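A short write-up of the structure that comes next.
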Amino acid sequence: MTTRTEQDFTLLRDALGPLRDREQVAARLLESSLKHSFDPETELDWTAPLEDGKWFWPPELVSLYDTPMWRRMSEEQRMDLARHEAASLASLGIWFEIILMQLLVRHIYDKSLTSDHVRYALTEIADECRHSMMFARMIQKGGAPAYPVPRVYHNLARVLKTVSTTPGSFAATLLGEEILDWMQRLTFPDERVQTLVRGVTRIHVVEEARHVRYAREELRRQMVTAPRWEQEFTRLSCGEAARVFSTCFVNPKVYDNVGLDRREAVAQVRASGHRREVMQTGARRLTEFLDDIGVLRGPGRRLWKASGLLA
């Protein structure tokens with residue numbers, strides 16, 4: 001049996017067409033990184049005061065938007081909830097990025113350290129380090145607390161990232177990046193939002209576009225070349241990651257911290273057609289891609305539907 005080389009990968013294809021050469025993709029991403037990378041410490045004005053009357057998150061993306069509870073809230077309370085939800089999402093982002101960095105290090109551990117593929121992975125890890133520090137500083141600047149994910153999911157992630165297959169790692173990476181990226185693309189041009197938050201989301205959107213490209217290309221390759229058991233395990237672990245992600249998306253403690261009844265707020269969010277549409281629209285580009293390359297099948301697809309991210 002002939003062993004596949006890196007060059008042989010270009011002869012493979014999936015439902016989206018021929019696979020791209022791994023080194024060529026990485027070389028283009030490295031070139032883009034040189035032109036469009038940012039240091040948030042110097043790029044953003046952290047000393048500028050916050051602006052009165054501006055949101056920390058677009059109101060349409062706040063979990064309770066257009067619910068009966070939202071309609072009873074004052075404008076001040078709505079803006080306060082947006083501030084706390086921005087802190088909750090930033091906390092979730094840091095958690096995901098720390099997991100992603102560990103998964104990337106595992107991915108390159110046995111690969112050629114002089115390849116562009118590994119060099120780009122190290123570049124992405126450096127990006128994620130800066131993003132995590134940027135999100136933490138934004139939380140502090142906004143004055144809301146950090147919102148760690150519940151301990152059960154924090155520990156479950158230890159298991160998932162330990163047993164995760166390579167394709168499972170890249171599927172989880174896309175899950176953590178693409179939905180938030182869709183929301184941030186709506187946020188950074190929105191003049192109703194704090195200038196600092198718009199700056200944070202702009203940096204993240206520009207740099208995450210490269211991360212998404214890298215993960216998508218590698219996941220396509222892995223789903224073609226991985227053994228069948230690994231493909232099936234990836235479908236299942238990806239579905240479970242979607243369920244955990246949707247559960248942790250907004251920490252319910254935010255409702256306590258703005259003086260709302262937590263149980264009623266959570267119930268109204270779950271019943272909200274607007275919120276369901278926001279989450280499914282944010283996930284649609286990802287779920288269509290995963291469906292095309294054969295990830296959304298079997299029990300894994302049912303987990304995605306249970307998460308609320310797939311109609």
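Every chain in the structure tokens has a letter given in the order shown (A, B, ...), and although residue numbers restart at 1 in each chain, ligands are simply numbered from 1 in the order shown.
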| task | Show which residues sit within 10 Å of segment 107-120 of chain A, as a ChimeraX atom specification. Count only C-alpha atoms, and ignore same-chain residues fewer than 6 positions away. | result | /A:22-31,33,101,126,165-167,169-170,210-211,214,218
Could those selected residues go to a file with N, CA, C and O atoms, as a PDB file, in the first residue's frame?
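Writing done, so here's part38.pdb:
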ATOM      1  N   ARG A  22      -1.587  21.782   1.656  1.00  0.00           N
ATOM      2  CA  ARG A  22      -1.468  22.267   3.032  1.00  0.00           C
ATOM      3  C   ARG A  22      -0.430  23.387   3.152  1.00  0.00           C
ATOM      4  O   ARG A  22      -0.659  24.404   3.795  1.00  0.00           O
ATOM      5  N   GLU A  23       0.731  23.199   2.504  1.00  0.00           N
ATOM      6  CA  GLU A  23       1.801  24.198   2.604  1.00  0.00           C
ATOM      7  C   GLU A  23       1.447  25.488   1.872  1.00  0.00           C
ATOM      8  O   GLU A  23       1.779  26.586   2.335  1.00  0.00           O
ATOM      9  N   GLN A  24       0.746  25.386   0.755  1.00  0.00           N
ATOM     10  CA  GLN A  24       0.342  26.590   0.027  1.00  0.00           C
ATOM     11  C   GLN A  24      -0.667  27.405   0.830  1.00  0.00           C
ATOM     12  O   GLN A  24      -0.586  28.639   0.879  1.00  0.00           O
ATOM     13  N   VAL A  25      -1.618  26.718   1.466  1.00  0.00           N
ATOM     14  CA  VAL A  25      -2.588  27.415   2.318  1.00  0.00           C
ATOM     15  C   VAL A  25      -1.866  28.139   3.453  1.00  0.00           C
ATOM     16  O   VAL A  25      -2.110  29.315   3.731  1.00  0.00           O
ATOM     17  N   ALA A  26      -0.957  27.433   4.110  1.00  0.00           N
ATOM     18  CA  ALA A  26      -0.237  28.026   5.240  1.00  0.00           C
ATOM     19  C   ALA A  26       0.608  29.212   4.796  1.00  0.00           C
ATOM     20  O   ALA A  26       0.687  30.235   5.503  1.00  0.00           O
ATOM     21  N   ALA A  27       1.249  29.117   3.633  1.00  0.00           N
ATOM     22  CA  ALA A  27       2.081  30.213   3.147  1.00  0.00           C
ATOM     23  C   ALA A  27       1.257  31.477   2.920  1.00  0.00           C
ATOM     24  O   ALA A  27       1.675  32.587   3.264  1.00  0.00           O
ATOM     25  N   ARG A  28       0.053  31.298   2.346  1.00  0.00           N
ATOM     26  CA  ARG A  28      -0.820  32.463   2.119  1.00  0.00           C
ATOM     27  C   ARG A  28      -1.279  33.063   3.443  1.00  0.00           C
ATOM     28  O   ARG A  28      -1.359  34.294   3.595  1.00  0.00           O
ATOM     29  N   LEU A  29      -1.581  32.211   4.406  1.00  0.00           N
ATOM     30  CA  LEU A  29      -2.021  32.712   5.710  1.00  0.00           C
ATOM     31  C   LEU A  29      -0.895  33.424   6.444  1.00  0.00           C
ATOM     32  O   LEU A  29      -1.126  34.423   7.140  1.00  0.00           O
ATOM     33  N   LEU A  30       0.312  32.940   6.293  1.00  0.00           N
ATOM     34  CA  LEU A  30       1.465  33.614   6.912  1.00  0.00           C
ATOM     35  C   LEU A  30       1.681  34.986   6.282  1.00  0.00           C
ATOM     36  O   LEU A  30       1.968  35.963   6.991  1.00  0.00           O
ATOM     37  N   GLU A  31       1.527  35.070   4.984  1.00  0.00           N
ATOM     38  CA  GLU A  31       1.669  36.361   4.307  1.00  0.00           C
ATOM     39  C   GLU A  31       0.607  37.345   4.784  1.00  0.00           C
ATOM     40  O   GLU A  31       0.893  38.521   5.053  1.00  0.00           O
ATOM     41  N   SER A  33      -0.873  37.247   7.674  1.00  0.00           N
ATOM     42  CA  SER A  33      -0.571  37.577   9.067  1.00  0.00           C
ATOM     43  C   SER A  33       0.437  38.709   9.160  1.00  0.00           C
ATOM     44  O   SER A  33       0.352  39.574  10.049  1.00  0.00           O
ATOM     45  N   MET A 101      -5.593  26.665  21.952  1.00  0.00           N
ATOM     46  CA  MET A 101      -4.132  26.694  21.949  1.00  0.00           C
ATOM     47  C   MET A 101      -3.550  25.333  22.315  1.00  0.00           C
ATOM     48  O   MET A 101      -2.570  24.875  21.709  1.00  0.00           O
ATOM     49  N   ALA A 126       0.042  32.523  18.845  1.00  0.00           N
ATOM     50  CA  ALA A 126       0.420  33.866  19.302  1.00  0.00           C
ATOM     51  C   ALA A 126      -0.765  34.830  19.195  1.00  0.00           C
ATOM     52  O   ALA A 126      -0.997  35.662  20.092  1.00  0.00           O
ATOM     53  N   THR A 165      -9.980  13.719  18.775  1.00  0.00           N
ATOM     54  CA  THR A 165      -9.222  13.379  17.579  1.00  0.00           C
ATOM     55  C   THR A 165      -8.779  14.667  16.889  1.00  0.00           C
ATOM     56  O   THR A 165      -9.275  15.758  17.201  1.00  0.00           O
ATOM     57  N   THR A 166      -7.881  14.546  15.922  1.00  0.00           N
ATOM     58  CA  THR A 166      -7.465  15.750  15.194  1.00  0.00           C
ATOM     59  C   THR A 166      -8.631  16.404  14.468  1.00  0.00           C
ATOM     60  O   THR A 166      -8.828  17.613  14.593  1.00  0.00           O
ATOM     61  N   PRO A 167      -9.451  15.666  13.715  1.00  0.00           N
ATOM     62  CA  PRO A 167     -10.607  16.339  13.098  1.00  0.00           C
ATOM     63  C   PRO A 167     -11.575  16.890  14.139  1.00  0.00           C
ATOM     64  O   PRO A 167     -12.178  17.941  13.943  1.00  0.00           O
ATOM     65  N   SER A 169     -10.772  18.147  16.957  1.00  0.00           N
ATOM     66  CA  SER A 169     -10.181  19.385  17.462  1.00  0.00           C
ATOM     67  C   SER A 169     -10.508  20.552  16.539  1.00  0.00           C
ATOM     68  O   SER A 169     -10.864  21.654  16.996  1.00  0.00           O
ATOM     69  N   PHE A 170     -10.394  20.336  15.237  1.00  0.00           N
ATOM     70  CA  PHE A 170     -10.658  21.425  14.305  1.00  0.00           C
ATOM     71  C   PHE A 170     -12.148  21.717  14.176  1.00  0.00           C
ATOM     72  O   PHE A 170     -12.543  22.873  13.958  1.00  0.00           O
ATOM     73  N   ARG A 210      -8.412  34.278   9.322  1.00  0.00           N
ATOM     74  CA  ARG A 210      -7.319  33.362   8.971  1.00  0.00           C
ATOM     75  C   ARG A 210      -7.438  32.052   9.743  1.00  0.00           C
ATOM     76  O   ARG A 210      -7.203  30.964   9.203  1.00  0.00           O
ATOM     77  N   HIS A 211      -7.801  32.148  11.011  1.00  0.00           N
ATOM     78  CA  HIS A 211      -7.919  30.948  11.842  1.00  0.00           C
ATOM     79  C   HIS A 211      -9.004  30.020  11.297  1.00  0.00           C
ATOM     80  O   HIS A 211      -8.849  28.791  11.284  1.00  0.00           O
ATOM     81  N   TYR A 214      -7.726  28.224   8.131  1.00  0.00           N
ATOM     82  CA  TYR A 214      -6.786  27.163   8.504  1.00  0.00           C
ATOM     83  C   TYR A 214      -7.539  25.944   9.028  1.00  0.00           C
ATOM     84  O   TYR A 214      -7.277  24.806   8.618  1.00  0.00           O
ATOM     85  N   GLU A 218      -7.992  22.159   7.180  1.00  0.00           N
ATOM     86  CA  GLU A 218      -7.453  20.983   7.850  1.00  0.00           C
ATOM     87  C   GLU A 218      -8.570  19.992   8.186  1.00  0.00           C
ATOM     88  O   GLU A 218      -8.384  18.778   8.083  1.00  0.00           O
TER      89      GLU A 218
END
With segment 289-305 of chain A as the partner and 12 Å as the cut-off, tabulate the residues of segment 80-197 of chain A that qualify, each row holding the nearest pair of atoms and their distance in Å to one decimal, using only C-alpha atoms, sorted by chain and rising number, as a tab-separated table.
residue	atom	partner	partner_atom	distance
A:Pro167	CA	A:Val295	CA	9.6
A:Gly168	CA	A:Val295	CA	9.6
A:Phe170	CA	A:Leu290	CA	11.1
A:Ala171	CA	A:Leu290	CA	8.2
A:Ala172	CA	A:Leu290	CA	11.1
A:Leu174	CA	A:Leu290	CA	9.6
A:Leu175	CA	A:Leu290	CA	10.1
A:Glu178	CA	A:Phe289	CA	11.2
Save out the residues we just selected, N, CA and C atoms, as a PDB file, in the first residue's frame.
ATOM      1  N   PRO A 167      -9.451  15.666  13.715  1.00  0.00           N
ATOM      2  CA  PRO A 167     -10.607  16.339  13.098  1.00  0.00           C
ATOM      3  C   PRO A 167     -11.575  16.890  14.139  1.00  0.00           C
ATOM      4  N   GLY A 168     -11.727  16.184  15.268  1.00  0.00           N
ATOM      5  CA  GLY A 168     -12.592  16.692  16.331  1.00  0.00           C
ATOM      6  C   GLY A 168     -12.093  18.010  16.880  1.00  0.00           C
ATOM      7  N   PHE A 170     -10.394  20.336  15.237  1.00  0.00           N
ATOM      8  CA  PHE A 170     -10.658  21.425  14.305  1.00  0.00           C
ATOM      9  C   PHE A 170     -12.148  21.717  14.176  1.00  0.00           C
ATOM     10  N   ALA A 171     -12.999  20.712  14.332  1.00  0.00           N
ATOM     11  CA  ALA A 171     -14.440  20.962  14.342  1.00  0.00           C
ATOM     12  C   ALA A 171     -14.830  21.814  15.545  1.00  0.00           C
ATOM     13  N   ALA A 172     -14.262  21.490  16.714  1.00  0.00           N
ATOM     14  CA  ALA A 172     -14.541  22.272  17.919  1.00  0.00           C
ATOM     15  C   ALA A 172     -13.994  23.683  17.781  1.00  0.00           C
ATOM     16  N   LEU A 174     -13.796  25.466  15.029  1.00  0.00           N
ATOM     17  CA  LEU A 174     -14.727  26.235  14.208  1.00  0.00           C
ATOM     18  C   LEU A 174     -15.987  26.593  14.988  1.00  0.00           C
ATOM     19  N   LEU A 175     -16.455  25.679  15.816  1.00  0.00           N
ATOM     20  CA  LEU A 175     -17.631  25.949  16.635  1.00  0.00           C
ATOM     21  C   LEU A 175     -17.381  27.154  17.542  1.00  0.00           C
ATOM     22  N   GLU A 178     -16.760  30.538  14.791  1.00  0.00           N
ATOM     23  CA  GLU A 178     -17.594  31.083  13.720  1.00  0.00           C
ATOM     24  C   GLU A 178     -18.860  31.786  14.209  1.00  0.00           C
TER      25      GLU A 178
END
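Every protein or nucleic acid residue with an atom no more than 8 Å from Ala136 of chain A, counting only C-alpha atoms and leaving out same-chain residues fewer than 2 positions away, appears here: Ala90, Ser91, Ile94, Ser132, Met133, Met134, Met138, Ile139 and Gln140 of chain A.
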Generate the output file for the selected residues, all heavy atoms, as an mmCIF file, in the first residue's frame.
data_model
loop_
_atom_site.group_PDB
_atom_site.id
_atom_site.type_symbol
_atom_site.label_atom_id
_atom_site.label_comp_id
_atom_site.auth_asym_id
_atom_site.auth_seq_id
_atom_site.Cartn_x
_atom_site.Cartn_y
_atom_site.Cartn_z
ATOM 1 N N ALA A 90 -16.974 37.346 26.434
ATOM 2 C CA ALA A 90 -15.515 37.465 26.435
ATOM 3 C C ALA A 90 -14.893 36.382 27.305
ATOM 4 O O ALA A 90 -13.856 35.803 26.956
ATOM 5 C CB ALA A 90 -15.099 38.851 26.923
ATOM 6 N N SER A 91 -15.529 36.076 28.438
ATOM 7 C CA SER A 91 -15.040 34.999 29.308
ATOM 8 C C SER A 91 -15.105 33.656 28.589
ATOM 9 O O SER A 91 -14.173 32.845 28.669
ATOM 10 C CB SER A 91 -15.872 34.945 30.594
ATOM 11 O OG SER A 91 -15.812 36.166 31.303
ATOM 12 N N ILE A 94 -12.281 33.459 26.037
ATOM 13 C CA ILE A 94 -10.982 33.143 26.630
ATOM 14 C C ILE A 94 -10.889 31.648 26.902
ATOM 15 O O ILE A 94 -9.863 31.006 26.619
ATOM 16 C CB ILE A 94 -10.765 33.945 27.922
ATOM 17 C CG1 ILE A 94 -10.665 35.446 27.603
ATOM 18 C CG2 ILE A 94 -9.506 33.477 28.652
ATOM 19 C CD1 ILE A 94 -10.700 36.338 28.845
ATOM 20 N N SER A 132 -6.818 36.552 24.058
ATOM 21 C CA SER A 132 -7.241 36.235 25.416
ATOM 22 C C SER A 132 -6.925 37.397 26.357
ATOM 23 O O SER A 132 -7.749 37.780 27.204
ATOM 24 C CB SER A 132 -6.557 34.955 25.910
ATOM 25 O OG SER A 132 -6.996 33.846 25.144
ATOM 26 N N MET A 133 -5.746 37.976 26.211
ATOM 27 C CA MET A 133 -5.392 39.128 27.043
ATOM 28 C C MET A 133 -6.267 40.333 26.719
ATOM 29 O O MET A 133 -6.671 41.087 27.613
ATOM 30 C CB MET A 133 -3.912 39.472 26.861
ATOM 31 C CG MET A 133 -2.965 38.412 27.407
ATOM 32 S SD MET A 133 -1.220 38.889 27.353
ATOM 33 C CE MET A 133 -0.900 38.763 25.577
ATOM 34 N N MET A 134 -6.589 40.507 25.440
ATOM 35 C CA MET A 134 -7.450 41.619 25.023
ATOM 36 C C MET A 134 -8.849 41.479 25.613
ATOM 37 O O MET A 134 -9.427 42.446 26.134
ATOM 38 C CB MET A 134 -7.509 41.645 23.489
ATOM 39 C CG MET A 134 -8.462 42.658 22.887
ATOM 40 S SD MET A 134 -8.386 42.719 21.069
ATOM 41 C CE MET A 134 -9.158 41.135 20.646
ATOM 42 N N MET A 138 -10.730 43.923 28.281
ATOM 43 C CA MET A 138 -12.031 44.526 27.984
ATOM 44 C C MET A 138 -13.015 44.277 29.122
ATOM 45 O O MET A 138 -13.800 45.159 29.490
ATOM 46 C CB MET A 138 -12.580 43.963 26.678
ATOM 47 C CG MET A 138 -13.859 44.644 26.206
ATOM 48 S SD MET A 138 -14.634 43.846 24.774
ATOM 49 C CE MET A 138 -15.443 42.451 25.583
ATOM 50 N N ILE A 139 -12.993 43.073 29.680
ATOM 51 C CA ILE A 139 -13.864 42.769 30.829
ATOM 52 C C ILE A 139 -13.565 43.718 31.979
ATOM 53 O O ILE A 139 -14.478 44.308 32.583
ATOM 54 C CB ILE A 139 -13.678 41.306 31.279
ATOM 55 C CG1 ILE A 139 -14.183 40.340 30.207
ATOM 56 C CG2 ILE A 139 -14.427 41.045 32.593
ATOM 57 C CD1 ILE A 139 -13.808 38.885 30.459
ATOM 58 N N GLN A 140 -12.293 43.887 32.285
ATOM 59 C CA GLN A 140 -11.897 44.771 33.381
ATOM 60 C C GLN A 140 -12.325 46.207 33.106
ATOM 61 O O GLN A 140 -12.822 46.902 33.994
ATOM 62 C CB GLN A 140 -10.383 44.713 33.592
ATOM 63 C CG GLN A 140 -9.887 43.394 34.173
ATOM 64 C CD GLN A 140 -8.384 43.379 34.322
ATOM 65 O OE1 GLN A 140 -7.643 43.802 33.433
ATOM 66 N NE2 GLN A 140 -7.910 42.885 35.459
#
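Between Ser307 of chain A and the candidates A:Val258, A:Val278, A:Leu122, A:Ala242, the tightest atom-to-atom separation, counting only C-alpha atoms, involves A:Ala242.
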What are the closest atom pairs, with distances in Å to one decimal, for each residue of segment 72-147 of chain A lying within 12 Å of segment 34-37 of chain A, using only C-alpha atoms, rows by chain and rising residue number, as CSV?
residue,atom,partner,partner_atom,distance
A:Tyr120,CA,A:Leu34,CA,11.0
A:Thr123,CA,A:Leu34,CA,9.9
A:Glu124,CA,A:Ser37,CA,10.4
A:Ala126,CA,A:Ser37,CA,10.5
A:Asp127,CA,A:Ser37,CA,8.1
A:Glu128,CA,A:Ser37,CA,11.5
A:Arg130,CA,A:Ser37,CA,10.4
A:His131,CA,A:Ser37,CA,11.3
I need the chosen residues saved as a short mmCIF file (atom, residue, chain, number, x, y, z; two decimals), in the first residue's frame, with N, CA and C atoms.
data_model
loop_
_atom_site.label_atom_id
_atom_site.label_comp_id
_atom_site.auth_asym_id
_atom_site.auth_seq_id
_atom_site.Cartn_x
_atom_site.Cartn_y
_atom_site.Cartn_z
N TYR A 120 2.52 28.41 10.73
CA TYR A 120 1.27 29.16 10.86
C TYR A 120 0.54 28.79 12.15
N THR A 123 1.91 30.83 14.73
CA THR A 123 1.44 32.21 14.56
C THR A 123 0.03 32.37 15.12
N GLU A 124 -0.81 31.39 14.85
CA GLU A 124 -2.18 31.45 15.37
C GLU A 124 -2.20 31.38 16.89
N ALA A 126 0.04 32.52 18.85
CA ALA A 126 0.42 33.87 19.30
C ALA A 126 -0.77 34.83 19.20
N ASP A 127 -1.53 34.72 18.09
CA ASP A 127 -2.75 35.54 17.95
C ASP A 127 -3.70 35.28 19.12
N GLU A 128 -3.92 34.01 19.43
CA GLU A 128 -4.89 33.66 20.48
C GLU A 128 -4.42 34.12 21.85
N ARG A 130 -2.80 36.90 22.38
CA ARG A 130 -3.14 38.32 22.41
C ARG A 130 -4.65 38.52 22.56
N HIS A 131 -5.43 37.68 21.87
CA HIS A 131 -6.89 37.81 21.97
C HIS A 131 -7.36 37.57 23.41
#
Residues of segment 12-78 of chain A classed as alpha helix (DSSP H) by DSSP on the backbone are to be reported as a compact mmCIF listing (two decimals) with N, CA, C and O atoms, in the first residue's frame.
# COMPACT_ATOMS: atom_id res chain seq x y z
N ARG A 22 -1.59 21.78 1.66
CA ARG A 22 -1.47 22.27 3.03
C ARG A 22 -0.43 23.39 3.15
O ARG A 22 -0.66 24.40 3.79
N GLU A 23 0.73 23.20 2.50
CA GLU A 23 1.80 24.20 2.60
C GLU A 23 1.45 25.49 1.87
O GLU A 23 1.78 26.59 2.34
N GLN A 24 0.75 25.39 0.75
CA GLN A 24 0.34 26.59 0.03
C GLN A 24 -0.67 27.41 0.83
O GLN A 24 -0.59 28.64 0.88
N VAL A 25 -1.62 26.72 1.47
CA VAL A 25 -2.59 27.42 2.32
C VAL A 25 -1.87 28.14 3.45
O VAL A 25 -2.11 29.31 3.73
N ALA A 26 -0.96 27.43 4.11
CA ALA A 26 -0.24 28.03 5.24
C ALA A 26 0.61 29.21 4.80
O ALA A 26 0.69 30.23 5.50
N ALA A 27 1.25 29.12 3.63
CA ALA A 27 2.08 30.21 3.15
C ALA A 27 1.26 31.48 2.92
O ALA A 27 1.68 32.59 3.26
N ARG A 28 0.05 31.30 2.35
CA ARG A 28 -0.82 32.46 2.12
C ARG A 28 -1.28 33.06 3.44
O ARG A 28 -1.36 34.29 3.59
N LEU A 29 -1.58 32.21 4.41
CA LEU A 29 -2.02 32.71 5.71
C LEU A 29 -0.89 33.42 6.44
O LEU A 29 -1.13 34.42 7.14
N LEU A 30 0.31 32.94 6.29
CA LEU A 30 1.47 33.61 6.91
C LEU A 30 1.68 34.99 6.28
O LEU A 30 1.97 35.96 6.99
N GLU A 31 1.53 35.07 4.98
CA GLU A 31 1.67 36.36 4.31
C GLU A 31 0.61 37.34 4.78
O GLU A 31 0.89 38.52 5.05
N SER A 32 -0.63 36.86 4.93
CA SER A 32 -1.71 37.71 5.43
C SER A 32 -1.43 38.15 6.88
O SER A 32 -1.71 39.30 7.25
N SER A 33 -0.87 37.25 7.67
CA SER A 33 -0.57 37.58 9.07
C SER A 33 0.44 38.71 9.16
O SER A 33 0.35 39.57 10.05
N LEU A 34 1.41 38.72 8.25
CA LEU A 34 2.41 39.79 8.25
C LEU A 34 1.78 41.15 7.94
O LEU A 34 2.19 42.17 8.48
N LYS A 35 0.75 41.14 7.10
CA LYS A 35 0.12 42.40 6.67
C LYS A 35 -0.99 42.87 7.60
O LYS A 35 -1.24 44.06 7.71
N PRO A 40 -3.13 44.51 20.39
CA PRO A 40 -4.21 45.25 21.07
C PRO A 40 -3.71 46.23 22.13
O PRO A 40 -4.39 47.22 22.41
N GLU A 41 -2.56 45.96 22.70
CA GLU A 41 -2.04 46.85 23.74
C GLU A 41 -1.77 48.24 23.19
O GLU A 41 -1.95 49.25 23.89
N THR A 42 -1.32 48.32 21.95
CA THR A 42 -1.00 49.63 21.36
C THR A 42 -2.05 50.07 20.33
O THR A 42 -2.19 51.27 20.07
N GLU A 43 -2.78 49.12 19.77
CA GLU A 43 -3.77 49.45 18.73
C GLU A 43 -5.00 50.13 19.32
O GLU A 43 -5.62 50.99 18.67
N PRO A 68 -40.94 39.26 26.64
CA PRO A 68 -41.77 40.06 27.56
C PRO A 68 -40.93 40.71 28.66
O PRO A 68 -41.20 41.86 29.04
N MET A 69 -39.93 40.02 29.16
CA MET A 69 -39.08 40.60 30.21
C MET A 69 -38.32 41.81 29.67
O MET A 69 -38.19 42.83 30.35
N TRP A 70 -37.81 41.71 28.45
CA TRP A 70 -37.09 42.82 27.84
C TRP A 70 -37.98 44.05 27.73
O TRP A 70 -37.55 45.18 28.00
N ARG A 71 -39.24 43.82 27.36
CA ARG A 71 -40.14 44.95 27.18
C ARG A 71 -40.48 45.63 28.50
O ARG A 71 -40.87 46.81 28.52
N ARG A 72 -40.32 44.90 29.61
CA ARG A 72 -40.57 45.51 30.92
C ARG A 72 -39.35 46.22 31.49
O ARG A 72 -39.46 47.00 32.42
N GLU A 75 -34.39 51.17 29.81
CA GLU A 75 -33.26 51.23 28.87
C GLU A 75 -31.94 51.06 29.62
O GLU A 75 -31.02 50.39 29.13
N GLU A 76 -31.86 51.63 30.81
CA GLU A 76 -30.63 51.51 31.61
C GLU A 76 -30.36 50.05 31.97
O GLU A 76 -29.22 49.57 31.90
N GLN A 77 -31.41 49.33 32.35
CA GLN A 77 -31.23 47.92 32.71
C GLN A 77 -30.88 47.08 31.50
O GLN A 77 -30.06 46.15 31.58
N ARG A 78 -31.46 47.40 30.35
CA ARG A 78 -31.10 46.69 29.13
C ARG A 78 -29.62 46.88 28.79
O ARG A 78 -28.92 45.93 28.43
| request: For each of A:Gly53, A:Gly259, A:Pro58, A:Pro18, take the minimum atom-to-atom distance to Arg198 of chain A, counting only C-alpha atoms, then give the residue where this is smallest. | output: A:Pro58
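With distances restricted to only C-alpha atoms, A:Val250 is the closest residue to Tyr147 of chain A from A:Met223, A:Ala241, A:Val250, A:Leu81.
For the pair atom CA of Thr281 of chain A and atom CA of Thr247 of chain A, the interatomic distance is 16.9 Å.
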| request: Tell me, as a ChimeraX atom specification, which residues lie within 9 Å of Val149 of chain A, counting only C-alpha atoms; anything in the same chain fewer than 2 positions away does not count. | output: /A:88,91-92,95,147,151-154,248-249,251
| task | Identify which of the residues A:Arg13, A:Pro189, A:Met73, A:Phe245 lies closest to Phe96 of chain A, counting only C-alpha atoms when measuring atom-to-atom distances. | result | A:Phe245
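Here the question is which of A:Leu64, A:Arg243, A:Glu264, A:Glu217 gets nearest to Asp21 of chain A using only C-alpha atoms, and that residue is A:Glu217.
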